[in-house]
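Chemist: My questions all concern the structure below.
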Amino acid sequence: MDIGWLVGVLLYPGFAFVSTLALFFEWVDRRLYARMQNRFGPIYTGPYGILQPLADLVKLLTKEDIAPRTVDRALYTLTPFLTLSTSLLATLFLPIAGYEGLLSFEGDLVVVVALLTIICILTFLAGVSSWNRFSVMGAERAAMQLLGYEVPLMLSVIGAGISAGSLSLSGVVRYQASHGWLIAGPGALGLALLVVASQAELERLPFDIPEAEQELVAGWLTEYSGRKLALFRLARDVEMVLLAGLGATLFLGGPHAPLLPEALAPLVFTLKALAVLFLLTLMRAIFARFRIDQMLEVSWRLLIPLAVLYVVIARVMY
Amino acid sequence: MAGLELIAAFVLAFAVSLLVYAFGRGLSGKSGEKLEPYACGESLPDEELRARVHVYWYAVLFLVFDIVAVMFAMTKGLSVAWSASASLVLVLAYSALVAIALLVLRGGRGWI
(Lines give C-alpha, C1' and ligand atoms only; values in the text may rest on other atoms or scores of the structure.)
Protein backbone atom coordinates (compact mmCIF):
# COMPACT_ATOMS: atom_id res chain seq x y z
CA MET A 1 0.00 0.00 0.00
CA ASP A 2 1.82 3.09 -1.21
CA ILE A 3 0.77 6.64 -2.04
CA GLY A 4 0.19 5.73 -5.70
CA TRP A 5 -2.28 3.03 -4.70
CA LEU A 6 -4.03 5.41 -2.31
CA VAL A 7 -4.40 8.06 -5.00
CA GLY A 8 -5.62 5.36 -7.36
CA VAL A 9 -8.31 4.25 -4.95
CA LEU A 10 -9.49 7.74 -4.04
CA LEU A 11 -9.19 9.55 -7.36
CA TYR A 12 -8.39 7.73 -10.59
CA PRO A 13 -9.48 5.06 -11.43
CA GLY A 14 -11.06 4.71 -8.02
CA PHE A 15 -13.90 6.40 -6.18
CA ALA A 16 -13.86 9.90 -7.73
CA PHE A 17 -13.65 8.56 -11.29
CA VAL A 18 -16.27 5.88 -10.72
CA SER A 19 -18.68 8.33 -9.07
CA THR A 20 -18.30 10.73 -11.99
CA LEU A 21 -18.83 7.86 -14.40
CA ALA A 22 -21.89 6.81 -12.38
CA LEU A 23 -23.50 10.26 -12.70
CA PHE A 24 -22.58 10.30 -16.40
CA PHE A 25 -24.21 6.88 -16.86
CA GLU A 26 -27.36 8.10 -15.14
CA TRP A 27 -27.48 11.03 -17.52
CA VAL A 28 -26.97 8.76 -20.57
CA ASP A 29 -29.64 6.40 -19.24
CA ARG A 30 -32.14 9.19 -18.66
CA ARG A 31 -31.49 10.87 -22.01
CA LEU A 32 -31.75 7.62 -23.96
CA TYR A 33 -34.87 6.58 -22.07
CA ALA A 34 -36.45 9.97 -22.75
CA ARG A 35 -35.56 9.89 -26.44
CA MET A 36 -37.06 6.41 -26.76
CA GLN A 37 -40.29 7.82 -25.35
CA ASN A 38 -40.14 10.85 -27.65
CA ARG A 39 -39.26 13.20 -24.78
CA PHE A 40 -36.18 15.37 -24.30
CA GLY A 41 -35.08 14.32 -20.84
CA PRO A 42 -32.79 16.61 -18.82
CA ILE A 43 -31.63 19.57 -20.95
CA TYR A 44 -31.23 22.64 -18.73
CA THR A 45 -28.34 21.95 -16.34
CA GLY A 46 -25.03 22.12 -18.18
CA PRO A 47 -24.55 21.29 -21.87
CA TYR A 48 -27.33 18.90 -22.93
CA GLY A 49 -28.33 18.60 -19.27
CA ILE A 50 -25.24 16.56 -18.46
CA LEU A 51 -25.00 18.04 -14.95
CA GLN A 52 -28.60 17.17 -14.01
CA PRO A 53 -27.73 13.98 -12.02
CA LEU A 54 -25.12 15.96 -10.06
CA ALA A 55 -27.63 18.74 -9.41
CA ASP A 56 -30.16 16.18 -8.18
CA LEU A 57 -27.58 14.64 -5.88
CA VAL A 58 -26.50 17.99 -4.42
CA LYS A 59 -30.12 19.02 -3.94
CA LEU A 60 -30.85 15.85 -1.97
CA LEU A 61 -27.68 16.32 0.08
CA THR A 62 -28.80 19.75 1.27
CA LYS A 63 -32.31 18.62 2.22
CA GLU A 64 -33.51 18.09 5.76
CA ASP A 65 -32.47 14.70 7.10
CA ILE A 66 -35.49 13.11 8.78
CA ALA A 67 -35.52 9.84 10.71
CA PRO A 68 -39.08 8.94 11.78
CA ARG A 69 -39.45 8.17 15.48
CA THR A 70 -40.40 4.53 14.89
CA VAL A 71 -37.26 3.40 13.00
CA ASP A 72 -34.64 1.01 14.28
CA ARG A 73 -32.10 3.81 14.49
CA ALA A 74 -28.79 1.95 14.28
CA LEU A 75 -29.66 -0.15 11.22
CA TYR A 76 -31.63 2.65 9.57
CA THR A 77 -28.66 5.02 9.80
CA LEU A 78 -25.95 2.54 8.94
CA THR A 79 -27.41 0.90 5.81
CA PRO A 80 -27.04 3.87 3.40
CA PHE A 81 -23.33 4.18 4.25
CA LEU A 82 -22.71 0.46 3.97
CA THR A 83 -24.60 0.24 0.66
CA LEU A 84 -22.58 3.04 -0.93
CA SER A 85 -19.25 1.82 0.41
CA THR A 86 -19.91 -1.79 -0.62
CA SER A 87 -20.77 -0.83 -4.18
CA LEU A 88 -17.80 1.55 -4.39
CA LEU A 89 -15.55 -1.20 -3.07
CA ALA A 90 -16.79 -3.64 -5.70
CA THR A 91 -15.95 -1.23 -8.54
CA LEU A 92 -12.29 -1.29 -7.50
CA PHE A 93 -12.11 -4.77 -9.00
CA LEU A 94 -13.09 -3.52 -12.47
CA PRO A 95 -10.15 -3.29 -14.88
CA ILE A 96 -10.79 0.33 -15.88
CA ALA A 97 -7.34 1.85 -16.35
CA GLY A 98 -5.49 -1.28 -17.46
CA TYR A 99 -5.86 -5.02 -17.64
CA GLU A 100 -5.96 -5.22 -13.86
CA GLY A 101 -8.25 -3.48 -11.40
CA LEU A 102 -6.91 -1.71 -8.31
CA LEU A 103 -7.76 -4.82 -6.32
CA SER A 104 -6.94 -7.96 -8.21
CA PHE A 105 -6.20 -11.51 -7.10
CA GLU A 106 -7.14 -15.02 -8.17
CA GLY A 107 -10.74 -15.56 -7.09
CA ASP A 108 -11.82 -11.91 -7.14
CA LEU A 109 -14.82 -12.83 -9.32
CA VAL A 110 -16.28 -14.66 -6.32
CA VAL A 111 -15.59 -11.63 -4.11
CA VAL A 112 -17.42 -9.28 -6.50
CA VAL A 113 -20.44 -11.59 -6.52
CA ALA A 114 -20.34 -11.84 -2.72
CA LEU A 115 -20.30 -8.03 -2.47
CA LEU A 116 -23.37 -7.89 -4.73
CA THR A 117 -25.12 -10.30 -2.37
CA ILE A 118 -24.23 -8.07 0.57
CA ILE A 119 -25.91 -5.17 -1.23
CA CYS A 120 -29.10 -7.31 -1.50
CA ILE A 121 -29.03 -8.03 2.22
CA LEU A 122 -28.48 -4.35 3.01
CA THR A 123 -31.49 -3.45 0.85
CA PHE A 124 -33.66 -5.84 2.84
CA LEU A 125 -32.33 -4.51 6.16
CA ALA A 126 -32.91 -0.90 5.10
CA GLY A 127 -36.57 -1.63 4.40
CA VAL A 128 -37.19 -3.74 7.48
CA SER A 129 -35.46 -1.30 9.85
CA SER A 130 -37.79 1.49 8.67
CA TRP A 131 -40.77 -0.01 10.58
CA ASN A 132 -43.18 1.26 7.98
CA ARG A 133 -45.69 -1.00 6.24
CA PHE A 134 -44.72 0.18 2.76
CA SER A 135 -41.04 -0.27 3.53
CA VAL A 136 -41.43 -3.74 5.00
CA MET A 137 -43.53 -4.89 2.07
CA GLY A 138 -41.03 -3.38 -0.36
CA ALA A 139 -38.19 -5.08 1.49
CA GLU A 140 -39.93 -8.44 1.28
CA ARG A 141 -40.37 -8.04 -2.45
CA ALA A 142 -36.81 -6.79 -2.85
CA ALA A 143 -35.42 -9.81 -0.99
CA MET A 144 -37.46 -12.21 -3.12
CA GLN A 145 -36.38 -10.55 -6.34
CA LEU A 146 -32.74 -9.80 -5.59
CA LEU A 147 -31.98 -13.24 -4.15
CA GLY A 148 -33.70 -14.91 -7.10
CA TYR A 149 -31.74 -12.99 -9.69
CA GLU A 150 -28.44 -13.13 -7.84
CA VAL A 151 -28.16 -16.83 -8.75
CA PRO A 152 -28.25 -16.49 -12.57
CA LEU A 153 -25.97 -13.45 -12.27
CA MET A 154 -23.46 -15.46 -10.27
CA LEU A 155 -23.66 -18.47 -12.56
CA SER A 156 -23.10 -16.35 -15.68
CA VAL A 157 -20.09 -14.69 -14.04
CA ILE A 158 -18.69 -18.07 -13.05
CA GLY A 159 -19.41 -19.48 -16.51
CA ALA A 160 -17.25 -16.72 -18.00
CA GLY A 161 -14.55 -17.58 -15.48
CA ILE A 162 -14.70 -21.24 -16.47
CA SER A 163 -14.47 -20.42 -20.19
CA ALA A 164 -11.38 -18.31 -19.56
CA GLY A 165 -9.88 -20.80 -17.13
CA SER A 166 -9.43 -18.16 -14.46
CA LEU A 167 -11.49 -16.86 -11.56
CA SER A 168 -10.05 -13.36 -11.68
CA LEU A 169 -11.27 -10.44 -13.79
CA SER A 170 -7.77 -9.74 -15.09
CA GLY A 171 -7.42 -13.43 -16.04
CA VAL A 172 -10.64 -13.29 -18.05
CA VAL A 173 -9.48 -10.08 -19.76
CA ARG A 174 -6.09 -11.61 -20.65
CA TYR A 175 -7.75 -14.74 -22.01
CA GLN A 176 -10.02 -12.64 -24.21
CA ALA A 177 -7.09 -10.56 -25.43
CA SER A 178 -5.46 -13.69 -26.85
CA HIS A 179 -8.47 -15.90 -27.68
CA GLY A 180 -11.16 -13.43 -28.75
CA TRP A 181 -14.15 -12.08 -26.85
CA LEU A 182 -16.31 -14.54 -24.98
CA ILE A 183 -19.47 -13.16 -26.58
CA ALA A 184 -18.49 -15.02 -29.77
CA GLY A 185 -19.61 -18.39 -28.45
CA PRO A 186 -21.74 -19.58 -25.54
CA GLY A 187 -20.76 -16.32 -23.82
CA ALA A 188 -23.59 -14.67 -25.77
CA LEU A 189 -26.01 -16.60 -23.55
CA GLY A 190 -23.95 -15.58 -20.51
CA LEU A 191 -24.14 -11.89 -21.44
CA ALA A 192 -27.90 -12.13 -22.02
CA LEU A 193 -28.36 -13.72 -18.58
CA LEU A 194 -26.12 -11.12 -16.98
CA VAL A 195 -28.01 -8.21 -18.56
CA VAL A 196 -31.44 -9.52 -17.49
CA ALA A 197 -30.21 -10.30 -13.97
CA SER A 198 -28.53 -6.87 -13.74
CA GLN A 199 -31.78 -5.17 -14.63
CA ALA A 200 -33.48 -7.05 -11.79
CA GLU A 201 -30.63 -6.26 -9.38
CA LEU A 202 -30.99 -2.57 -10.20
CA GLU A 203 -34.77 -2.78 -9.66
CA ARG A 204 -35.50 -1.05 -12.93
CA LEU A 205 -38.42 -1.72 -15.26
CA PRO A 206 -39.64 -4.43 -15.89
CA PHE A 207 -38.35 -5.47 -12.47
CA ASP A 208 -39.32 -2.45 -10.38
CA ILE A 209 -41.67 -4.54 -8.24
CA PRO A 210 -39.92 -3.67 -4.92
CA GLU A 211 -40.67 0.02 -5.43
CA ALA A 212 -43.80 -0.10 -7.56
CA GLU A 213 -44.83 3.48 -6.85
CA GLN A 214 -48.54 3.01 -7.55
CA GLU A 215 -48.75 0.37 -4.83
CA LEU A 216 -45.91 0.94 -2.37
CA VAL A 217 -45.04 4.68 -2.49
CA ALA A 218 -41.27 4.13 -2.80
CA GLY A 219 -41.02 0.57 -1.50
CA TRP A 220 -38.14 -0.08 0.87
CA LEU A 221 -36.92 3.52 0.35
CA THR A 222 -40.14 5.12 1.63
CA GLU A 223 -38.80 6.43 4.94
CA TYR A 224 -35.47 7.60 3.53
CA SER A 225 -35.07 11.26 2.74
CA GLY A 226 -32.41 13.91 2.27
CA ARG A 227 -28.81 12.86 2.64
CA LYS A 228 -29.49 9.19 3.30
CA LEU A 229 -31.61 8.97 0.17
CA ALA A 230 -28.80 10.73 -1.73
CA LEU A 231 -26.40 8.01 -0.60
CA PHE A 232 -28.77 5.30 -1.84
CA ARG A 233 -29.25 7.09 -5.15
CA LEU A 234 -25.51 7.42 -5.67
CA ALA A 235 -25.03 3.78 -4.68
CA ARG A 236 -27.61 2.76 -7.29
CA ASP A 237 -25.71 4.65 -10.00
CA VAL A 238 -22.39 3.16 -8.90
CA GLU A 239 -24.00 -0.29 -9.03
CA MET A 240 -25.12 0.48 -12.57
CA VAL A 241 -21.50 1.18 -13.54
CA LEU A 242 -20.43 -1.97 -11.72
CA LEU A 243 -22.88 -4.28 -13.48
CA ALA A 244 -22.46 -2.70 -16.93
CA GLY A 245 -18.69 -2.82 -16.40
CA LEU A 246 -18.88 -6.44 -15.32
CA GLY A 247 -20.74 -7.37 -18.50
CA ALA A 248 -18.22 -5.44 -20.61
CA THR A 249 -15.26 -7.00 -18.81
CA LEU A 250 -16.40 -10.60 -18.83
CA PHE A 251 -17.96 -10.91 -22.26
CA LEU A 252 -16.87 -7.95 -24.41
CA GLY A 253 -13.13 -8.09 -23.78
CA GLY A 254 -13.04 -5.38 -21.08
CA PRO A 255 -10.37 -2.71 -21.55
CA HIS A 256 -8.77 -4.63 -24.41
CA ALA A 257 -9.47 -3.73 -28.03
CA PRO A 258 -7.55 -5.10 -31.00
CA LEU A 259 -4.97 -2.71 -32.54
CA LEU A 260 -5.39 -0.12 -29.76
CA PRO A 261 -2.67 0.50 -27.14
CA GLU A 262 -3.35 -0.24 -23.48
CA ALA A 263 -3.20 3.50 -22.75
CA LEU A 264 -6.64 3.85 -24.30
CA ALA A 265 -8.05 1.25 -21.90
CA PRO A 266 -10.31 3.64 -19.90
CA LEU A 267 -11.94 4.89 -23.10
CA VAL A 268 -12.46 1.39 -24.49
CA PHE A 269 -13.82 0.17 -21.17
CA THR A 270 -16.26 3.08 -20.89
CA LEU A 271 -17.52 2.61 -24.44
CA LYS A 272 -18.14 -1.10 -23.89
CA ALA A 273 -19.87 -0.46 -20.56
CA LEU A 274 -22.03 2.12 -22.37
CA ALA A 275 -22.97 -0.58 -24.89
CA VAL A 276 -24.21 -2.78 -22.02
CA LEU A 277 -25.96 0.23 -20.49
CA PHE A 278 -27.74 0.77 -23.82
CA LEU A 279 -29.19 -2.75 -23.53
CA LEU A 280 -30.34 -2.01 -19.97
CA THR A 281 -31.99 1.25 -21.07
CA LEU A 282 -33.61 -0.40 -24.07
CA MET A 283 -35.10 -3.05 -21.81
CA ARG A 284 -36.46 -0.38 -19.47
CA ALA A 285 -38.13 1.42 -22.38
CA ILE A 286 -39.63 -1.66 -24.01
CA PHE A 287 -41.20 -3.60 -21.16
CA ALA A 288 -43.95 -2.92 -18.62
CA ARG A 289 -43.69 -4.09 -15.02
CA PHE A 290 -43.96 -7.82 -14.33
CA ARG A 291 -46.34 -9.21 -11.77
CA ILE A 292 -44.67 -10.78 -8.74
CA ASP A 293 -45.44 -14.33 -9.83
CA GLN A 294 -44.12 -13.65 -13.33
CA MET A 295 -40.94 -12.21 -11.84
CA LEU A 296 -40.40 -15.36 -9.73
CA GLU A 297 -41.26 -17.58 -12.68
CA VAL A 298 -38.70 -15.91 -14.94
CA SER A 299 -35.98 -16.24 -12.36
CA TRP A 300 -36.43 -19.74 -10.91
CA ARG A 301 -37.89 -21.58 -13.88
CA LEU A 302 -36.23 -19.86 -16.80
CA LEU A 303 -33.04 -18.00 -15.95
CA ILE A 304 -31.55 -20.40 -13.41
CA PRO A 305 -31.90 -23.54 -15.58
CA LEU A 306 -30.51 -21.55 -18.53
CA ALA A 307 -27.63 -20.33 -16.37
CA VAL A 308 -26.83 -23.87 -15.25
CA LEU A 309 -26.95 -24.92 -18.90
CA TYR A 310 -24.54 -22.10 -19.75
CA VAL A 311 -22.08 -23.19 -17.07
CA VAL A 312 -22.24 -26.81 -18.26
CA ILE A 313 -21.69 -25.77 -21.90
CA ALA A 314 -18.79 -23.54 -20.85
CA ARG A 315 -17.26 -26.38 -18.86
CA VAL A 316 -17.72 -28.99 -21.60
CA MET A 317 -16.29 -26.69 -24.26
CA TYR A 318 -13.29 -25.70 -22.17
CA MET B 1 -1.51 -8.75 1.25
CA ALA B 2 -4.67 -8.84 -0.86
CA GLY B 3 -6.76 -9.15 2.30
CA LEU B 4 -5.13 -6.11 3.85
CA GLU B 5 -5.72 -4.08 0.70
CA LEU B 6 -9.35 -5.19 0.63
CA ILE B 7 -9.90 -4.02 4.20
CA ALA B 8 -8.07 -0.75 3.60
CA ALA B 9 -10.14 -0.15 0.48
CA PHE B 10 -13.36 -0.80 2.40
CA VAL B 11 -12.35 1.64 5.13
CA LEU B 12 -11.60 4.25 2.46
CA ALA B 13 -14.95 3.58 0.75
CA PHE B 14 -16.77 4.00 4.06
CA ALA B 15 -14.87 7.23 4.72
CA VAL B 16 -15.90 8.52 1.29
CA SER B 17 -19.56 7.77 1.98
CA LEU B 18 -19.28 9.59 5.33
CA LEU B 19 -17.67 12.48 3.48
CA VAL B 20 -20.54 12.67 0.99
CA TYR B 21 -22.94 12.67 3.95
CA ALA B 22 -21.01 15.36 5.81
CA PHE B 23 -20.83 17.48 2.64
CA GLY B 24 -24.52 18.24 2.77
CA ARG B 25 -25.45 19.36 6.26
CA GLY B 26 -29.12 19.48 7.06
CA LEU B 27 -30.34 23.04 6.70
CA SER B 28 -33.55 23.20 8.65
CA GLY B 29 -34.75 21.90 11.99
CA LYS B 30 -37.19 19.09 12.59
CA SER B 31 -40.81 19.60 13.38
CA GLY B 32 -42.94 17.03 15.19
CA GLU B 33 -45.20 15.90 12.35
CA LYS B 34 -42.36 15.04 10.02
CA LEU B 35 -41.13 12.42 12.44
CA GLU B 36 -44.27 10.33 12.01
CA PRO B 37 -43.90 7.24 9.80
CA TYR B 38 -45.32 7.73 6.31
CA ALA B 39 -48.89 6.41 6.02
CA CYS B 40 -50.51 7.99 2.94
CA GLY B 41 -52.19 10.66 5.07
CA GLU B 42 -54.19 8.15 7.07
CA SER B 43 -53.60 7.74 10.77
CA LEU B 44 -52.55 4.15 11.19
CA PRO B 45 -51.73 2.71 14.61
CA ASP B 46 -48.09 1.97 15.45
CA GLU B 47 -47.44 -1.69 15.26
CA GLU B 48 -44.56 -4.07 15.10
CA LEU B 49 -43.99 -4.91 11.48
CA ARG B 50 -42.23 -8.08 10.47
CA ALA B 51 -41.27 -9.53 7.13
CA ARG B 52 -43.27 -12.68 6.45
CA VAL B 53 -41.48 -15.99 6.95
CA HIS B 54 -42.24 -16.67 3.29
CA VAL B 55 -39.30 -14.47 2.33
CA TYR B 56 -36.82 -16.52 4.29
CA TRP B 57 -37.68 -19.58 2.17
CA TYR B 58 -36.22 -17.70 -0.76
CA ALA B 59 -33.13 -16.97 1.26
CA VAL B 60 -32.73 -20.70 1.97
CA LEU B 61 -33.26 -21.51 -1.70
CA PHE B 62 -30.72 -18.86 -2.61
CA LEU B 63 -28.20 -20.39 -0.24
CA VAL B 64 -28.60 -23.81 -1.87
CA PHE B 65 -27.94 -22.41 -5.34
CA ASP B 66 -25.18 -20.20 -4.00
CA ILE B 67 -23.27 -23.21 -2.74
CA VAL B 68 -23.83 -25.07 -6.00
CA ALA B 69 -22.44 -22.10 -7.93
CA VAL B 70 -19.36 -21.90 -5.74
CA MET B 71 -18.83 -25.62 -6.24
CA PHE B 72 -19.01 -25.02 -9.98
CA ALA B 73 -16.37 -22.36 -9.70
CA MET B 74 -14.13 -24.50 -7.53
CA THR B 75 -14.14 -27.51 -9.86
CA LYS B 76 -12.29 -25.33 -12.34
CA GLY B 77 -10.31 -23.25 -9.90
CA LEU B 78 -8.91 -26.19 -8.01
CA SER B 79 -7.65 -28.08 -11.02
CA VAL B 80 -4.69 -29.16 -8.90
CA ALA B 81 -6.95 -31.16 -6.62
CA TRP B 82 -9.27 -32.49 -9.32
CA SER B 83 -8.25 -34.05 -12.58
CA ALA B 84 -10.00 -32.55 -15.60
CA SER B 85 -12.35 -35.50 -16.11
CA ALA B 86 -13.19 -35.79 -12.41
CA SER B 87 -14.13 -32.10 -12.21
CA LEU B 88 -16.25 -32.47 -15.34
CA VAL B 89 -18.11 -35.40 -13.78
CA LEU B 90 -18.58 -33.36 -10.62
CA VAL B 91 -20.02 -30.41 -12.55
CA LEU B 92 -22.41 -32.65 -14.45
CA ALA B 93 -23.45 -34.41 -11.23
CA TYR B 94 -24.18 -31.06 -9.58
CA SER B 95 -26.21 -29.81 -12.52
CA ALA B 96 -28.23 -33.05 -12.41
CA LEU B 97 -28.79 -32.39 -8.70
CA VAL B 98 -29.98 -28.85 -9.47
CA ALA B 99 -32.30 -30.16 -12.17
CA ILE B 100 -33.82 -32.68 -9.75
CA ALA B 101 -34.13 -30.04 -7.04
CA LEU B 102 -35.95 -27.74 -9.46
CA LEU B 103 -38.33 -30.51 -10.49
CA VAL B 104 -39.08 -31.34 -6.85
CA LEU B 105 -39.56 -27.70 -5.87
CA ARG B 106 -41.94 -27.05 -8.74
CA GLY B 107 -44.61 -29.21 -7.12
CA GLY B 108 -45.61 -29.38 -3.48
CA ARG B 109 -44.96 -26.13 -1.71
CA GLY B 110 -45.79 -23.88 -4.62
CA TRP B 111 -43.34 -21.18 -3.75
CA ILE B 112 -41.58 -21.28 -7.03
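By convention here, the chains of the C-alpha coordinates are called A, B, ... in the order presented, each chain's residues are numbered starting at 1, and ligands are numbered starting at 1 in the order presented.
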Write down as a count of residues only the residues of segment 90-313 of chain A whose backbone DSSP state falls under helix (DSSP H, G or I).
Modeler: 164
Chemist: Find the residues around Tyr12 of chain A up to 12 Å (only C-alpha atoms counted), leave out those fewer than 4 positions away in its own chain, and share them as a ChimeraX atom specification.
Modeler: /A:4-8,16-21,91-92,95-98,101-102,266
Chemist: Using only C-alpha atoms, can you tell me which of B:Ala13, B:Ile7, B:Val64, B:Ala96 comes closest to chain A?
Modeler: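 Going through B:Ala13, B:Ile7, B:Val64, B:Ala96 one by one, the smallest distance to chain A is for B:Ala13.
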Chemist: Which polymer residues have any atom within 9 Å of an atom of Ser85 of chain A, counting only C-alpha atoms, with same-chain residues fewer than 2 positions away left out, as a ChimeraX atom specification?
Modeler: /A:80-83,87-90,235 /B:10-17
Chemist: Considering only C-alpha atoms, state which residue in the set A:Phe290, A:Phe232, A:Phe251, A:Phe278 is at the smallest distance from chain B.
Modeler: A:Phe232
Chemist: Give the answer as one residue: which of A:Arg35, A:Arg236, A:Arg301, A:Arg289 has the shortest atom-to-atom distance to chain B, using only C-alpha atoms?
Modeler: A:Arg301
Chemist: Check the smallest atom-to-atom distance from each of B:Ile100, B:Leu49, B:Ala93, B:Leu44 to chain A using only C-alpha atoms, then report the winner.
Modeler: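 So, comparing all the options, the nearest one is B:Leu49.
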Chemist: Here is a test: counting only C-alpha atoms, which residue of B:Phe23, B:Tyr38, B:Phe72, B:Tyr94 is nearest to Val311 of chain A?
Modeler: B:Phe72
Chemist: Could you tell me how far atom CA of Glu213 of chain A lies from atom CA of Ala67 of chain A, in Å and to one decimal?
Modeler: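 We find that atom CA of Glu213 of chain A and atom CA of Ala67 of chain A lie 20.9 Å from each other.
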Chemist: Report as JSON lines: every residue of segment 178-245 of chain A with an atom at most 8 Å from segment 141-144 of chain A, its closest pair of atoms, and their distance in Å to one decimal, counting only C-alpha atoms, with rows sorted by chain and ascending residue number.
Modeler:
```
{"residue": "A:Ile209", "atom": "CA", "partner": "A:Arg141", "partner_atom": "CA", "distance": 6.9}
{"residue": "A:Pro210", "atom": "CA", "partner": "A:Ala142", "partner_atom": "CA", "distance": 4.9}
{"residue": "A:Trp220", "atom": "CA", "partner": "A:Ala142", "partner_atom": "CA", "distance": 7.8}
```
Chemist: So the first atom is atom CA of Gly107 of chain A and the second is atom CA of Ser168 of chain A; what is the distance between them in Å, to one decimal place?
Modeler: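 Atom CA of Ser168 of chain A lies 5.1 Å from atom CA of Gly107 of chain A.
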Chemist: To one decimal place, how far is atom CA of Ile66 of chain A from atom CA of Arg133 of chain A in Å?
Modeler: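 Distance reported for this atom pair: 17.6 Å.
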